[in-house]
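> Before I ask anything, here is the structure I am working with.
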Amino acid sequence: MLSLSFTPLIPWPVIAGFGVLVAIFVVLAFVARGRTAVLRALALGLVLLAIANPSLVREDREPVKDIAAIVVDRSGSQSLGDRPAMTDTVRAELQRRFGSLTNIEPRFIDVPDAKDGDDGTKLFTALSQGLADVPPDRLAGVVMLTDGVVHDIPANVAALGIKAPLHVLVTGHPDERDRQIKLIEAPRFGIVGRDLTIRAEVMERGGTGSATVTVRRDGEEIGRRTFPTGQPFSLTTKIEHGGPNVVEIEVEPLPGELTTINNRAVLPIEGIREKLRVLLVSGEPHQGERTWRNLLKSDANVDLVHFTILRPPEKQDGTPISELSLIAFPTRELFVQKIKDFDLIIFDRYANQSVLPSAYFDNIVRYVRDGGALLIAAGPEFASSASLARTRLSQILPGEPNGRVVEQPYKAALTGTGTRHPVTRALPGSEASPPAWGDWLRIVSAQTKPGVQPILQGPNALPLLALSREDKGRVALLLSDHAWLWARGYQEGGPYLDLLRRLGHWLMKEPALEEEALRAQTTGHGREVRVERQTMAETTDPVTVKGPTGPERTLTLTAGEPGLFSTTFEATELGLHTLRSGSLIAFVSVGPPNPRELTDVFSDTERLKALAEGTGGSIRRLADAGGSTVVPRLQAVRSGRLAGADWIGFRPSDSAVIRGVEVYPLALGLWALVALAGAVLAMWLVEGRRGRAA
C-alpha cells in the first residue's frame, strides 16, 4: 500500500507563514512581469515543497481477523430452570456458525458467579477485561448470552466504550412464575430468652395470592401460618441460646415455579446474654471468698448477689438483735420467690447450719432440674456431718464425701476425660508433666457417682473437679477450697481465671463449652467453611453436608487437640448448608443470607434494550412461542442495518498488521536539487531574453 507522507523540516505554522509571503510575492510578480512570474512561483514552490519534506511511503500489510466477543453469563440466576441447557446449546451453535465467517474470530468470555455472591452479574466488567488486548477498531461486534439480569450496565453508549454493535440473546421464557421471601426488618442480634420480631413479605408472579410460611430455628420447626402475598407480615421468635441462632423463613413453592432456592430466607441472629445473675453464698469468711467475689465482679456481664454467713442461728452470745449491724439472710426471697431469676447458684464452703430449711433444698433441686446451674466449692465442712451431701441436694450432686480431708501439697492434674473436656482442655501449664502450676494444699476425699468422670484429680487420683447433668440443669463439685492459692501467686500460681471462668460458663450453657458439639463457620476465604466436632469420645462419626439444592457429601474429620476434630471444605453453592454428625446438627450460611442473584430471577429484555439499540445492535429472546430455542444467523455487514428478524450482523474493519515500511523522500536528494536549479535557470534565461528584447 502506497501513501504520501510529510515530515516538515520546520513547524507547519512557520511553513504556512512562508507560504503567505510567497503568495504575496508571486501576485506582485505577476502584476510587474506578467506570465514570466510563473517560473518564480515554480522555484519558490519547489523550495516550500523541500521544506515540507514529502515522502512516498510503502507499507507491507498482512490482513488480520476481526474479533467478535461472546460473553456467556454463568451467574446464579442463569442456573435456574432450563437456562443452563439453553445457554450450552446456543453457545455451541454460535461457535459452529462463526466458522463460516472467515474474517471474524470469536472470543468466548465465560462469566461465573461472583465469589462473595453479592456482587451480582457483571458482564460489562468481564467484557472490558476480556478485550483488554484487542484494539478498538478490530472489534466487529459483541454478543451477550444472558438472562438479562445484569448489575453493571453502563449509563449510556458513550460509557460503554466500544464502537461495535451489541447483540443480546436472552435465555428464559416470558411466562415465568416464581415465589420468594423478602426480608424487610431482619435484626442481627437478640437477647437470649427474649422474643424477637422479624418483618418479611412473600412476593410472587403468577401465584395464588396467599401462601403458607414455615419458620424454623436451628432446623426445628417453631411455627406455620398463612399470609397474603405482596403484604408485609411480622413473625416472632425466641432467642434460645447465646451464639448463632439460625432462623429460616420458608414459603411453600408454586407448581412449576422457576426456582425454590429463594423460597427460603436465612437469618443468622447472634444471641447475646443479658446480665447473668449469680447468687454466691459463702458459709463463712475464708481466704478463697474474695477470689470468687473478685472473679465474678470483674465480669461486666455478671450481676452478682453475694451473702456471707457471719452469724449462724445456733450462735447465742447474748447480743440483742437490735444492736447487730448484720443484714438478715433473705432466704425466702432468694430460694422461694426469686430463685428462678438466677442463672447460677454457688455454695462456697457452705455448711448446713439450719439457715436453709429442707424445703428450700427441694426448691434448689427443682431449680436445677428445670435448667438451672449449681456449683459447690467445698472445704472441710463438706466431709463433716453438716455437709450439703447430707441434705436433699445429695440426689443431684456428682460425688459423695467419705469423711476424710487430705491435707498435703499436690499438683492438680487433668484426668483422661479432662484432657478432652472443653472446661479443662489445654489449660495453660497442663502440657507439662507435672503441670507447670503451683500446689494446692487440701482436698476433700470423695467418691464420684456411677457415670460421672472427674476432669481434675488430686493426690492418689482423688477426684478434684466433677461435672454432671441433671435433667435440663448442670452441677459442678469442686472438692477443694484452695483455688485462691493460684490467685495469690503461690509457687507462681496457676490458670485460676481460665479454669473458673470456663467452669462458670459451662454451667450457664455457653455453646462453645459443650462436650458434644458440631460447629461450622465460614473462614473469610471465599466459600471455604471450617467444620469442628467437639466430642468426649476417642473417635467421631463423619459429617454429612447438604447444600441448598445439591446432593449430600461426606466429610472425614482430622483429630487435632484431644476431643477436637476438624476439617475444611469448599462450598459449591451459596445459601444455607446443613451439617449432621450422628444426632448433632449445625448450620452455616455461605455468602450473603439472601444473594443478589436470587433477588430478581425473571429473565428481562428491557434492561439492555436501550444500550443494544444505541450501538446499532439488537436484543431478542431465544425461546419462541412454542418453547423451542431459535439461534439467529450471523452475517458480516459493511454498511446499513446490523440486525434483522432472524439474523445479527458484525461490522468488519479490514484491519491489518504492518510487517514492513519503506520511505522514499520526494523533495530531497540530487534530483530535487536538479529540479530546483532547472527552475532557477529557466527563470534567468526567460527573464534575461525578455530584458534584451526590451
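Chain lettering (A, B, ...) mirrors the order of the C-alpha cells, residue numbering begins at 1 for each chain separately, and ligand numbering begins at 1 in order of display.
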For the interface of region 112-181 of chain A with region 75-95 of chain A (cut-off 7 Å, counting only C-alpha atoms), please tabulate each contacting residue of region 112-181 of chain A alongside its nearest pair of atoms and their separation in Å to one decimal, rows sorted by chain and increasing number, as a tab-separated table.


```
residue	atom	partner	partner_atom	distance
A:Pro112	CA	A:Ser75	CA	5.2
A:Asp113	CA	A:Ser75	CA	4.1
A:Thr121	CA	A:Ser75	CA	6.2
A:Asp147	CA	A:Gln78	CA	6.4
A:Thr171	CA	A:Arg83	CA	5.9
A:Gly172	CA	A:Arg83	CA	5.8
```

> Please identify all polymer residues within 9 Å of Glu538 (chain A), counting only C-alpha atoms, omitting same-chain residues fewer than 6 positions from it, and present them as JSON, numbers by chain.

{"A": [420, 562, 563]}

> For those residues, write all heavy atoms to a file as a tab-separated table (two decimals), in the first residue's frame.


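Written output follows (result.tsv):
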```
chain	number	residue	atom	x	y	z
A	420	ARG	N	-9.94	-33.92	77.29
A	420	ARG	CA	-10.86	-33.72	76.17
A	420	ARG	C	-12.00	-32.76	76.49
A	420	ARG	O	-12.66	-32.27	75.58
A	420	ARG	CB	-11.44	-35.07	75.73
A	420	ARG	CG	-10.43	-36.04	75.17
A	420	ARG	CD	-11.10	-37.27	74.56
A	420	ARG	NE	-11.79	-38.06	75.57
A	420	ARG	CZ	-11.22	-39.00	76.32
A	420	ARG	NH1	-9.93	-39.24	76.17
A	420	ARG	NH2	-11.92	-39.68	77.21
A	562	PRO	N	-6.93	-33.01	71.81
A	562	PRO	CA	-7.77	-34.09	72.34
A	562	PRO	C	-9.24	-33.67	72.40
A	562	PRO	O	-9.57	-32.61	72.92
A	562	PRO	CB	-7.20	-34.34	73.74
A	562	PRO	CG	-5.78	-33.88	73.64
A	562	PRO	CD	-5.79	-32.72	72.69
A	563	GLY	N	-10.09	-34.51	71.84
A	563	GLY	CA	-11.52	-34.23	71.86
A	563	GLY	C	-11.99	-33.26	70.80
A	563	GLY	O	-13.17	-32.91	70.78
```

> Enumerate, as a VMD selection string, the complete set of residues in region 231-427 of chain A that a backbone-based DSSP assignment places in helix (DSSP H, G or I).

chain A and resid 261 to 263 289 to 297 321 to 323 331 to 337 339 to 341 358 to 369 380 to 383 388 to 390 392 to 395 416 to 420

> Could you tell me which of A:Leu280, A:Ala265, A:Val631, A:Leu579 comes closest to Leu295 (chain A) if we count only C-alpha atoms?

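Under the stated criterion, the closest residue is A:Leu280.
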
> Residues within 12 Å of region 202-207 of chain A, please, as a ChimeraX atom specification. Count only C-alpha atoms; anything in the same chain fewer than 6 positions from it doesn't count.

/A:174-184,213-214,226-234,249-260,262-265,599-602

> Go ahead and write the residues just picked, C-alpha atoms, as a PDB file, in the first residue's frame.


```pdb
ATOM      1  CA  PRO A 174     -41.711 -14.574  29.156  1.00  0.00           C
ATOM      2  CA  ASP A 175     -44.296 -16.514  31.216  1.00  0.00           C
ATOM      3  CA  GLU A 176     -42.002 -17.461  34.116  1.00  0.00           C
ATOM      4  CA  ARG A 177     -43.575 -17.741  37.578  1.00  0.00           C
ATOM      5  CA  ASP A 178     -41.868 -17.621  40.931  1.00  0.00           C
ATOM      6  CA  ARG A 179     -42.428 -17.016  44.631  1.00  0.00           C
ATOM      7  CA  GLN A 180     -39.861 -15.713  47.094  1.00  0.00           C
ATOM      8  CA  ILE A 181     -39.348 -14.377  50.620  1.00  0.00           C
ATOM      9  CA  LYS A 182     -38.198 -10.794  51.062  1.00  0.00           C
ATOM     10  CA  LEU A 183     -36.832  -9.707  54.462  1.00  0.00           C
ATOM     11  CA  ILE A 184     -37.895  -6.183  55.457  1.00  0.00           C
ATOM     12  CA  VAL A 213     -44.942 -19.697  55.650  1.00  0.00           C
ATOM     13  CA  THR A 214     -42.939 -22.050  57.856  1.00  0.00           C
ATOM     14  CA  THR A 226     -50.715 -18.449  56.009  1.00  0.00           C
ATOM     15  CA  PHE A 227     -50.231 -14.852  54.820  1.00  0.00           C
ATOM     16  CA  PRO A 228     -51.456 -12.865  51.808  1.00  0.00           C
ATOM     17  CA  THR A 229     -48.736 -12.271  49.239  1.00  0.00           C
ATOM     18  CA  GLY A 230     -47.471  -8.804  48.460  1.00  0.00           C
ATOM     19  CA  GLN A 231     -48.158  -7.571  52.013  1.00  0.00           C
ATOM     20  CA  PRO A 232     -45.648  -7.289  54.864  1.00  0.00           C
ATOM     21  CA  PHE A 233     -46.176  -9.522  57.895  1.00  0.00           C
ATOM     22  CA  SER A 234     -44.484  -9.988  61.274  1.00  0.00           C
ATOM     23  CA  ILE A 249     -38.387 -18.500  56.886  1.00  0.00           C
ATOM     24  CA  GLU A 250     -39.680 -20.718  54.090  1.00  0.00           C
ATOM     25  CA  VAL A 251     -42.708 -20.229  51.866  1.00  0.00           C
ATOM     26  CA  GLU A 252     -44.426 -23.132  50.143  1.00  0.00           C
ATOM     27  CA  PRO A 253     -43.482 -23.447  46.435  1.00  0.00           C
ATOM     28  CA  LEU A 254     -45.696 -22.688  43.460  1.00  0.00           C
ATOM     29  CA  PRO A 255     -46.372 -25.508  40.990  1.00  0.00           C
ATOM     30  CA  GLY A 256     -43.874 -25.172  38.140  1.00  0.00           C
ATOM     31  CA  GLU A 257     -42.123 -22.135  39.588  1.00  0.00           C
ATOM     32  CA  LEU A 258     -38.739 -21.048  38.288  1.00  0.00           C
ATOM     33  CA  THR A 259     -36.763 -21.957  41.426  1.00  0.00           C
ATOM     34  CA  THR A 260     -37.362 -22.860  45.055  1.00  0.00           C
ATOM     35  CA  ASN A 262     -35.355 -18.103  47.001  1.00  0.00           C
ATOM     36  CA  ASN A 263     -38.391 -19.581  48.775  1.00  0.00           C
ATOM     37  CA  ARG A 264     -36.259 -19.639  51.911  1.00  0.00           C
ATOM     38  CA  ALA A 265     -34.656 -16.684  53.672  1.00  0.00           C
ATOM     39  CA  THR A 599     -33.490 -11.332  44.437  1.00  0.00           C
ATOM     40  CA  ASP A 600     -34.651 -10.817  40.829  1.00  0.00           C
ATOM     41  CA  VAL A 601     -34.765 -14.082  38.925  1.00  0.00           C
ATOM     42  CA  PHE A 602     -37.043 -13.288  35.968  1.00  0.00           C
TER      43      PHE A 602
END
```

> Can you work out which one of A:Glu407, A:Gln395, A:Ser655, A:Gln337 has the shortest atom-to-atom distance to Val134 (chain A), counting only C-alpha atoms?

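Of the candidates, the smallest distance to Val134 (chain A) is held by A:Ser655.
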